[in-house]
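Structure data (mmCIF, N, CA and C atoms) from model-v6.cif:
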```
data_structure
loop_
_atom_site.label_atom_id
_atom_site.label_comp_id
_atom_site.auth_asym_id
_atom_site.auth_seq_id
_atom_site.Cartn_x
_atom_site.Cartn_y
_atom_site.Cartn_z
N MET S 795 -19.44 -16.56 -7.97
CA MET S 795 -19.24 -16.88 -6.57
C MET S 795 -17.75 -16.80 -6.26
N PRO S 796 -17.38 -16.13 -5.15
CA PRO S 796 -15.97 -16.02 -4.81
C PRO S 796 -15.35 -17.37 -4.44
N SER S 797 -14.08 -17.49 -4.74
CA SER S 797 -13.39 -18.73 -4.42
C SER S 797 -13.05 -18.77 -2.92
N LYS S 798 -12.60 -19.92 -2.45
CA LYS S 798 -12.22 -20.06 -1.04
C LYS S 798 -11.06 -19.14 -0.71
N LYS S 799 -10.16 -18.98 -1.67
CA LYS S 799 -9.00 -18.11 -1.45
C LYS S 799 -9.44 -16.65 -1.28
N GLN S 800 -10.40 -16.21 -2.09
CA GLN S 800 -10.90 -14.85 -1.98
C GLN S 800 -11.65 -14.63 -0.67
N ILE S 801 -12.42 -15.62 -0.25
CA ILE S 801 -13.14 -15.52 1.02
C ILE S 801 -12.17 -15.45 2.18
N ARG S 802 -11.13 -16.25 2.14
CA ARG S 802 -10.10 -16.26 3.18
C ARG S 802 -9.42 -14.91 3.27
N ARG S 803 -9.04 -14.33 2.12
CA ARG S 803 -8.37 -13.03 2.11
C ARG S 803 -9.31 -11.94 2.63
N GLN S 804 -10.58 -12.03 2.30
CA GLN S 804 -11.55 -11.05 2.77
C GLN S 804 -11.68 -11.08 4.29
N LYS S 805 -11.68 -12.27 4.87
CA LYS S 805 -11.74 -12.41 6.34
C LYS S 805 -10.50 -11.79 6.98
N ILE S 806 -9.34 -12.05 6.39
CA ILE S 806 -8.10 -11.49 6.91
C ILE S 806 -8.13 -9.96 6.81
N ARG S 807 -8.63 -9.44 5.68
CA ARG S 807 -8.75 -7.99 5.51
C ARG S 807 -9.61 -7.36 6.59
N TYR S 808 -10.75 -7.99 6.89
CA TYR S 808 -11.64 -7.46 7.91
C TYR S 808 -10.96 -7.43 9.28
N LYS S 809 -10.22 -8.49 9.60
CA LYS S 809 -9.52 -8.53 10.89
C LYS S 809 -8.47 -7.43 10.97
N ILE S 810 -7.73 -7.21 9.87
CA ILE S 810 -6.71 -6.17 9.85
C ILE S 810 -7.36 -4.79 10.01
N ARG S 811 -8.45 -4.55 9.29
CA ARG S 811 -9.11 -3.23 9.31
C ARG S 811 -9.76 -2.95 10.66
N ASN S 812 -10.12 -3.99 11.42
CA ASN S 812 -10.65 -3.77 12.76
C ASN S 812 -9.56 -3.30 13.71
N LYS S 813 -8.32 -3.66 13.43
CA LYS S 813 -7.21 -3.32 14.32
C LYS S 813 -6.55 -2.00 13.96
N ILE S 814 -6.45 -1.68 12.66
CA ILE S 814 -5.72 -0.47 12.27
C ILE S 814 -6.65 0.52 11.58
N SER S 815 -6.32 1.79 11.76
CA SER S 815 -7.08 2.85 11.12
C SER S 815 -6.14 4.03 10.95
N GLY S 816 -6.31 4.76 9.86
CA GLY S 816 -5.47 5.91 9.60
C GLY S 816 -6.14 7.19 10.07
N ASN S 817 -5.33 8.12 10.56
CA ASN S 817 -5.83 9.43 10.92
C ASN S 817 -4.96 10.49 10.26
N SER S 818 -5.17 11.74 10.59
CA SER S 818 -4.40 12.78 9.91
C SER S 818 -2.94 12.78 10.34
N ASP S 819 -2.65 12.30 11.56
CA ASP S 819 -1.25 12.22 12.00
C ASP S 819 -0.53 11.03 11.37
N ARG S 820 -1.19 9.88 11.36
CA ARG S 820 -0.62 8.66 10.76
C ARG S 820 -1.65 8.03 9.85
N PRO S 821 -1.70 8.43 8.58
CA PRO S 821 -2.66 7.83 7.66
C PRO S 821 -2.30 6.38 7.34
N ARG S 822 -3.23 5.69 6.71
CA ARG S 822 -3.08 4.27 6.39
C ARG S 822 -2.55 4.10 4.97
N LEU S 823 -1.51 3.29 4.81
CA LEU S 823 -0.99 2.94 3.49
C LEU S 823 -1.62 1.61 3.10
N ALA S 824 -2.57 1.65 2.18
CA ALA S 824 -3.31 0.46 1.77
C ALA S 824 -2.75 -0.08 0.46
N VAL S 825 -2.64 -1.39 0.37
CA VAL S 825 -2.07 -2.05 -0.80
C VAL S 825 -3.13 -2.94 -1.44
N PHE S 826 -3.25 -2.86 -2.77
CA PHE S 826 -4.06 -3.81 -3.53
C PHE S 826 -3.19 -4.40 -4.62
N ARG S 827 -3.24 -5.72 -4.72
CA ARG S 827 -2.39 -6.43 -5.67
C ARG S 827 -3.29 -7.22 -6.61
N SER S 828 -3.17 -6.95 -7.91
CA SER S 828 -3.86 -7.78 -8.89
C SER S 828 -2.81 -8.71 -9.52
N ASN S 829 -3.23 -9.53 -10.45
CA ASN S 829 -2.26 -10.42 -11.09
C ASN S 829 -1.23 -9.66 -11.89
N LYS S 830 -1.62 -8.53 -12.44
CA LYS S 830 -0.74 -7.80 -13.35
C LYS S 830 -0.14 -6.53 -12.74
N TYR S 831 -0.90 -5.83 -11.88
CA TYR S 831 -0.47 -4.54 -11.36
C TYR S 831 -0.50 -4.54 -9.84
N ILE S 832 0.04 -3.46 -9.26
CA ILE S 832 -0.05 -3.24 -7.82
C ILE S 832 -0.41 -1.78 -7.60
N TYR S 833 -1.28 -1.55 -6.63
CA TYR S 833 -1.78 -0.21 -6.35
C TYR S 833 -1.53 0.10 -4.88
N ALA S 834 -1.20 1.34 -4.57
CA ALA S 834 -1.00 1.76 -3.19
C ALA S 834 -1.64 3.13 -2.98
N GLN S 835 -2.29 3.30 -1.84
CA GLN S 835 -2.92 4.56 -1.49
C GLN S 835 -2.57 4.91 -0.06
N ILE S 836 -2.49 6.20 0.21
CA ILE S 836 -2.39 6.68 1.58
C ILE S 836 -3.72 7.34 1.89
N ILE S 837 -4.40 6.83 2.93
CA ILE S 837 -5.78 7.21 3.20
C ILE S 837 -5.92 7.75 4.62
N ASP S 838 -6.66 8.85 4.76
CA ASP S 838 -7.06 9.38 6.06
C ASP S 838 -8.47 8.83 6.33
N ASP S 839 -8.58 7.85 7.21
CA ASP S 839 -9.86 7.18 7.45
C ASP S 839 -10.84 8.06 8.22
N GLN S 840 -10.35 8.97 9.04
CA GLN S 840 -11.27 9.84 9.78
C GLN S 840 -12.04 10.76 8.85
N LYS S 841 -11.36 11.30 7.85
CA LYS S 841 -12.02 12.18 6.88
C LYS S 841 -12.60 11.40 5.71
N GLY S 842 -12.09 10.19 5.48
CA GLY S 842 -12.55 9.39 4.35
C GLY S 842 -11.98 9.86 3.03
N HIS S 843 -10.75 10.39 3.06
CA HIS S 843 -10.11 10.91 1.86
C HIS S 843 -8.84 10.15 1.53
N THR S 844 -8.62 9.97 0.24
CA THR S 844 -7.35 9.44 -0.23
C THR S 844 -6.40 10.61 -0.41
N ILE S 845 -5.27 10.56 0.26
CA ILE S 845 -4.31 11.66 0.21
C ILE S 845 -3.41 11.52 -1.01
N VAL S 846 -2.85 10.33 -1.21
CA VAL S 846 -1.92 10.06 -2.31
C VAL S 846 -2.20 8.67 -2.84
N SER S 847 -2.10 8.49 -4.15
CA SER S 847 -2.22 7.15 -4.72
C SER S 847 -1.25 7.00 -5.88
N VAL S 848 -0.73 5.79 -6.01
CA VAL S 848 0.21 5.46 -7.08
C VAL S 848 -0.08 4.03 -7.51
N SER S 849 0.09 3.74 -8.79
CA SER S 849 -0.07 2.37 -9.25
C SER S 849 1.06 2.03 -10.22
N SER S 850 1.23 0.75 -10.44
CA SER S 850 2.27 0.31 -11.37
C SER S 850 1.88 0.61 -12.80
N ARG S 851 0.63 0.96 -13.03
CA ARG S 851 0.21 1.35 -14.38
C ARG S 851 0.78 2.71 -14.74
N LYS S 852 0.99 3.56 -13.74
CA LYS S 852 1.47 4.93 -13.98
C LYS S 852 2.99 5.04 -13.89
N VAL S 853 3.61 4.15 -13.13
CA VAL S 853 5.05 4.22 -12.92
C VAL S 853 5.75 3.54 -14.09
N SER S 854 6.70 4.23 -14.67
CA SER S 854 7.44 3.63 -15.78
C SER S 854 8.71 2.98 -15.24
N ALA S 855 8.66 1.67 -15.13
CA ALA S 855 9.80 0.89 -14.65
C ALA S 855 9.81 -0.45 -15.37
N ASP S 856 10.99 -0.96 -15.57
CA ASP S 856 11.13 -2.25 -16.23
C ASP S 856 11.66 -3.27 -15.23
N GLY S 857 11.49 -4.53 -15.57
CA GLY S 857 12.00 -5.59 -14.72
C GLY S 857 10.89 -6.49 -14.23
N THR S 858 11.18 -7.15 -13.13
CA THR S 858 10.22 -8.08 -12.56
C THR S 858 9.10 -7.32 -11.85
N LYS S 859 8.04 -8.03 -11.50
CA LYS S 859 6.94 -7.41 -10.78
C LYS S 859 7.41 -6.87 -9.42
N GLU S 860 8.34 -7.57 -8.80
CA GLU S 860 8.88 -7.11 -7.51
C GLU S 860 9.64 -5.80 -7.67
N ALA S 861 10.45 -5.69 -8.71
CA ALA S 861 11.21 -4.46 -8.95
C ALA S 861 10.26 -3.29 -9.24
N ILE S 862 9.22 -3.56 -9.99
CA ILE S 862 8.24 -2.51 -10.30
C ILE S 862 7.51 -2.11 -9.01
N SER S 863 7.19 -3.08 -8.15
CA SER S 863 6.52 -2.78 -6.89
C SER S 863 7.39 -1.90 -6.00
N LYS S 864 8.68 -2.14 -6.01
CA LYS S 864 9.59 -1.32 -5.22
C LYS S 864 9.59 0.12 -5.73
N GLU S 865 9.56 0.29 -7.04
CA GLU S 865 9.49 1.63 -7.63
C GLU S 865 8.17 2.33 -7.28
N VAL S 866 7.09 1.57 -7.23
CA VAL S 866 5.80 2.13 -6.84
C VAL S 866 5.88 2.64 -5.40
N GLY S 867 6.51 1.87 -4.52
CA GLY S 867 6.69 2.30 -3.13
C GLY S 867 7.52 3.56 -3.01
N LYS S 868 8.59 3.64 -3.80
CA LYS S 868 9.43 4.86 -3.78
C LYS S 868 8.65 6.06 -4.29
N ALA S 869 7.90 5.88 -5.38
CA ALA S 869 7.12 6.98 -5.94
C ALA S 869 6.05 7.45 -4.95
N LEU S 870 5.41 6.51 -4.27
CA LEU S 870 4.41 6.86 -3.27
C LEU S 870 5.04 7.66 -2.13
N ALA S 871 6.20 7.21 -1.66
CA ALA S 871 6.89 7.89 -0.57
C ALA S 871 7.30 9.30 -0.98
N GLU S 872 7.79 9.46 -2.20
CA GLU S 872 8.18 10.79 -2.67
C GLU S 872 7.00 11.75 -2.67
N LYS S 873 5.85 11.28 -3.17
CA LYS S 873 4.65 12.12 -3.20
C LYS S 873 4.18 12.46 -1.79
N ALA S 874 4.22 11.45 -0.91
CA ALA S 874 3.75 11.66 0.46
C ALA S 874 4.64 12.63 1.22
N VAL S 875 5.95 12.46 1.11
CA VAL S 875 6.87 13.33 1.82
C VAL S 875 6.75 14.77 1.28
N ALA S 876 6.48 14.91 -0.01
CA ALA S 876 6.33 16.24 -0.61
C ALA S 876 5.14 17.00 -0.03
N ILE S 877 4.08 16.29 0.38
CA ILE S 877 2.92 16.98 0.95
C ILE S 877 2.93 16.94 2.48
N GLY S 878 3.99 16.39 3.07
CA GLY S 878 4.15 16.46 4.53
C GLY S 878 3.77 15.21 5.31
N VAL S 879 3.53 14.10 4.65
CA VAL S 879 3.22 12.85 5.35
C VAL S 879 4.52 12.06 5.50
N LYS S 880 4.91 11.81 6.76
CA LYS S 880 6.16 11.10 6.98
C LYS S 880 5.97 9.75 7.65
N SER S 881 4.87 9.60 8.40
CA SER S 881 4.62 8.38 9.14
C SER S 881 3.27 7.81 8.75
N VAL S 882 3.20 6.50 8.49
CA VAL S 882 1.97 5.84 8.07
C VAL S 882 1.78 4.53 8.83
N VAL S 883 0.57 4.00 8.74
CA VAL S 883 0.25 2.66 9.24
C VAL S 883 0.11 1.77 8.02
N PHE S 884 0.79 0.64 8.00
CA PHE S 884 0.80 -0.23 6.82
C PHE S 884 -0.36 -1.21 6.86
N ASP S 885 -1.16 -1.21 5.79
CA ASP S 885 -2.29 -2.13 5.64
C ASP S 885 -1.98 -3.02 4.44
N ARG S 886 -1.63 -4.27 4.71
CA ARG S 886 -1.23 -5.18 3.64
C ARG S 886 -2.40 -5.74 2.86
N GLY S 887 -3.61 -5.41 3.27
CA GLY S 887 -4.80 -5.79 2.52
C GLY S 887 -5.11 -7.27 2.50
N GLY S 888 -4.67 -8.01 3.50
CA GLY S 888 -4.94 -9.44 3.55
C GLY S 888 -3.94 -10.28 2.81
N TYR S 889 -2.99 -9.65 2.15
CA TYR S 889 -1.94 -10.39 1.45
C TYR S 889 -0.81 -10.72 2.42
N LEU S 890 -0.07 -11.77 2.13
CA LEU S 890 1.08 -12.10 2.94
C LEU S 890 2.15 -11.03 2.76
N TYR S 891 2.87 -10.73 3.83
CA TYR S 891 3.96 -9.75 3.75
C TYR S 891 5.16 -10.46 3.13
N HIS S 892 5.10 -10.57 1.82
CA HIS S 892 6.10 -11.34 1.08
C HIS S 892 6.03 -10.92 -0.37
N GLY S 893 7.11 -11.01 -1.08
CA GLY S 893 7.10 -10.75 -2.52
C GLY S 893 6.83 -9.30 -2.86
N ARG S 894 5.79 -9.08 -3.67
CA ARG S 894 5.50 -7.73 -4.17
C ARG S 894 5.05 -6.78 -3.07
N VAL S 895 4.31 -7.29 -2.09
CA VAL S 895 3.85 -6.44 -0.99
C VAL S 895 5.04 -5.99 -0.15
N LYS S 896 5.96 -6.89 0.13
CA LYS S 896 7.17 -6.56 0.89
C LYS S 896 8.05 -5.60 0.09
N ALA S 897 8.16 -5.81 -1.22
CA ALA S 897 8.97 -4.93 -2.06
C ALA S 897 8.40 -3.51 -2.05
N LEU S 898 7.08 -3.38 -2.11
CA LEU S 898 6.46 -2.07 -2.06
C LEU S 898 6.76 -1.39 -0.73
N ALA S 899 6.64 -2.14 0.36
CA ALA S 899 6.93 -1.58 1.69
C ALA S 899 8.39 -1.15 1.80
N ASP S 900 9.30 -1.97 1.30
CA ASP S 900 10.72 -1.62 1.34
C ASP S 900 11.00 -0.36 0.53
N GLY S 901 10.37 -0.25 -0.64
CA GLY S 901 10.54 0.94 -1.46
C GLY S 901 9.99 2.19 -0.78
N ALA S 902 8.87 2.06 -0.08
CA ALA S 902 8.30 3.19 0.64
C ALA S 902 9.22 3.61 1.78
N ARG S 903 9.81 2.64 2.46
CA ARG S 903 10.76 2.97 3.53
C ARG S 903 12.00 3.67 2.97
N GLU S 904 12.50 3.19 1.84
CA GLU S 904 13.65 3.83 1.22
C GLU S 904 13.33 5.25 0.78
N GLY S 905 12.08 5.48 0.39
CA GLY S 905 11.66 6.81 -0.04
C GLY S 905 11.47 7.79 1.10
N GLY S 906 11.46 7.31 2.34
CA GLY S 906 11.38 8.21 3.48
C GLY S 906 10.18 8.03 4.39
N LEU S 907 9.30 7.08 4.12
CA LEU S 907 8.15 6.86 4.99
C LEU S 907 8.56 6.00 6.19
N VAL S 908 7.93 6.26 7.32
CA VAL S 908 8.21 5.50 8.54
C VAL S 908 6.95 4.74 8.91
N PHE S 909 7.09 3.41 9.09
CA PHE S 909 5.99 2.58 9.60
C PHE S 909 6.52 1.31 10.18
#
```

Using structure tokens, write down the structure from this file.
Amino acid sequence: MPSKKQIRRQKIRYKIRNKISGNSDRPRLAVFRSNKYIYAQIIDDQKGHTIVSVSSRKVSADGTKEAISKEVGKALAEKAVAIGVKSVVFDRGGYLYHGRVKALADGAREGGLVF
């Protein structure tokens, strides 16, 4: 059975997803955070395709989880800009815009994404 915290995050996720959606002009940058890793995808919701994905499991970086998250954001931005995606809609996935999620967003902005 899911905990109260998981149920709360799920409700927040549903509210966010009702408001934002990615298209081919501005795809959605979705974030998933586990206890150990962080994952980010750029998704075109109209077609139902993932355009680019990066995770901290694939990125070789040392340091704190926040520093690794920032590197994941930079790597995602580099891949996205290489295939022509410059502007995205940020989907924090029900997590607070703080810590690792904020670090990933900052890294994506430094890499060249606009949102």

**Q.** Every residue of chain S that DSSP places in strand (DSSP E), as a PyMOL selection string
**A.** chain S and resi 822-827+832-838+843-849+883-885

(Q) Residues of chain S classed as alpha helix (DSSP H) by DSSP on the backbone are to be reported as a VMD selection string. (A) chain S and resid 798 to 813 859 to 876 894 to 905

Q) Do you know which residues the PyMOL selection byres (((chain S and resi 896-903 and name CA) around 9) and name CA) returns on this file, as a PyMOL selection string? A) chain S and resi 825+832+834+860-872+884+886+890-895+904-909

Q: Run the PyMOL selection byres (((chain S and resi 883 and name CA) around 9) and name CA) against the file shown and list the residues it catches, as a list in words.
A: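 Written out, the selection comes to Ile814, Ser815, Gly816, Arg820, Pro821, Arg822, Leu823, Ala824, Ser881, Val882, Phe884, Asp885, Val908 and Phe909 of chain S.
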
Would you write out those residues with N, CA and C atoms, as a tab-separated table (two decimals), in the coordinates of the input?
```tsv
chain	number	residue	atom	x	y	z
S	814	ILE	N	-6.45	-1.68	12.66
S	814	ILE	CA	-5.72	-0.47	12.27
S	814	ILE	C	-6.65	0.52	11.58
S	815	SER	N	-6.32	1.79	11.76
S	815	SER	CA	-7.08	2.85	11.12
S	815	SER	C	-6.14	4.03	10.95
S	816	GLY	N	-6.31	4.76	9.86
S	816	GLY	CA	-5.47	5.91	9.60
S	816	GLY	C	-6.14	7.19	10.07
S	820	ARG	N	-1.19	9.88	11.36
S	820	ARG	CA	-0.62	8.66	10.76
S	820	ARG	C	-1.65	8.03	9.85
S	821	PRO	N	-1.70	8.43	8.58
S	821	PRO	CA	-2.66	7.83	7.66
S	821	PRO	C	-2.30	6.38	7.34
S	822	ARG	N	-3.23	5.69	6.71
S	822	ARG	CA	-3.08	4.27	6.39
S	822	ARG	C	-2.55	4.10	4.97
S	823	LEU	N	-1.51	3.29	4.81
S	823	LEU	CA	-0.99	2.94	3.49
S	823	LEU	C	-1.62	1.61	3.10
S	824	ALA	N	-2.57	1.65	2.18
S	824	ALA	CA	-3.31	0.46	1.77
S	824	ALA	C	-2.75	-0.08	0.46
S	881	SER	N	4.87	9.60	8.40
S	881	SER	CA	4.62	8.38	9.14
S	881	SER	C	3.27	7.81	8.75
S	882	VAL	N	3.20	6.50	8.49
S	882	VAL	CA	1.97	5.84	8.07
S	882	VAL	C	1.78	4.53	8.83
S	884	PHE	N	0.79	0.64	8.00
S	884	PHE	CA	0.80	-0.23	6.82
S	884	PHE	C	-0.36	-1.21	6.86
S	885	ASP	N	-1.16	-1.21	5.79
S	885	ASP	CA	-2.29	-2.13	5.64
S	885	ASP	C	-1.98	-3.02	4.44
S	908	VAL	N	7.93	6.26	7.32
S	908	VAL	CA	8.21	5.50	8.54
S	908	VAL	C	6.95	4.74	8.91
S	909	PHE	N	7.09	3.41	9.09
S	909	PHE	CA	5.99	2.58	9.60
S	909	PHE	C	6.52	1.31	10.18
```

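Atom pair atom N of S:Gly857 / atom CA of S:Ser828 has a distance of 17.1 Å (rounded to one decimal).
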
Q) For the atom pair atom CA of S:Tyr808 and atom CA of S:Gln840, what is the interatomic distance in Å to one decimal place? A)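 Result for atom CA of S:Tyr808 versus atom CA of S:Gln840: 17.4 Å, one decimal.
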
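For the set S:Ser818, S:Met795, S:Arg802, S:Arg827, the residue with the smallest atom-to-atom gap to S:Thr844 is S:Ser818, counting only C-alpha atoms.
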
Q) Of the candidates S:Arg803, S:Lys859, S:Lys798, S:Lys813, which shows the shortest atom-to-atom distance to S:Lys830, using all atoms listed in the file? A) S:Lys859

Q. What does the distance from atom N of S:Ser850 to atom N of S:Tyr833 come to in Å, to one decimal?
A.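 That distance, rounded to one decimal, is 5.1 Å.
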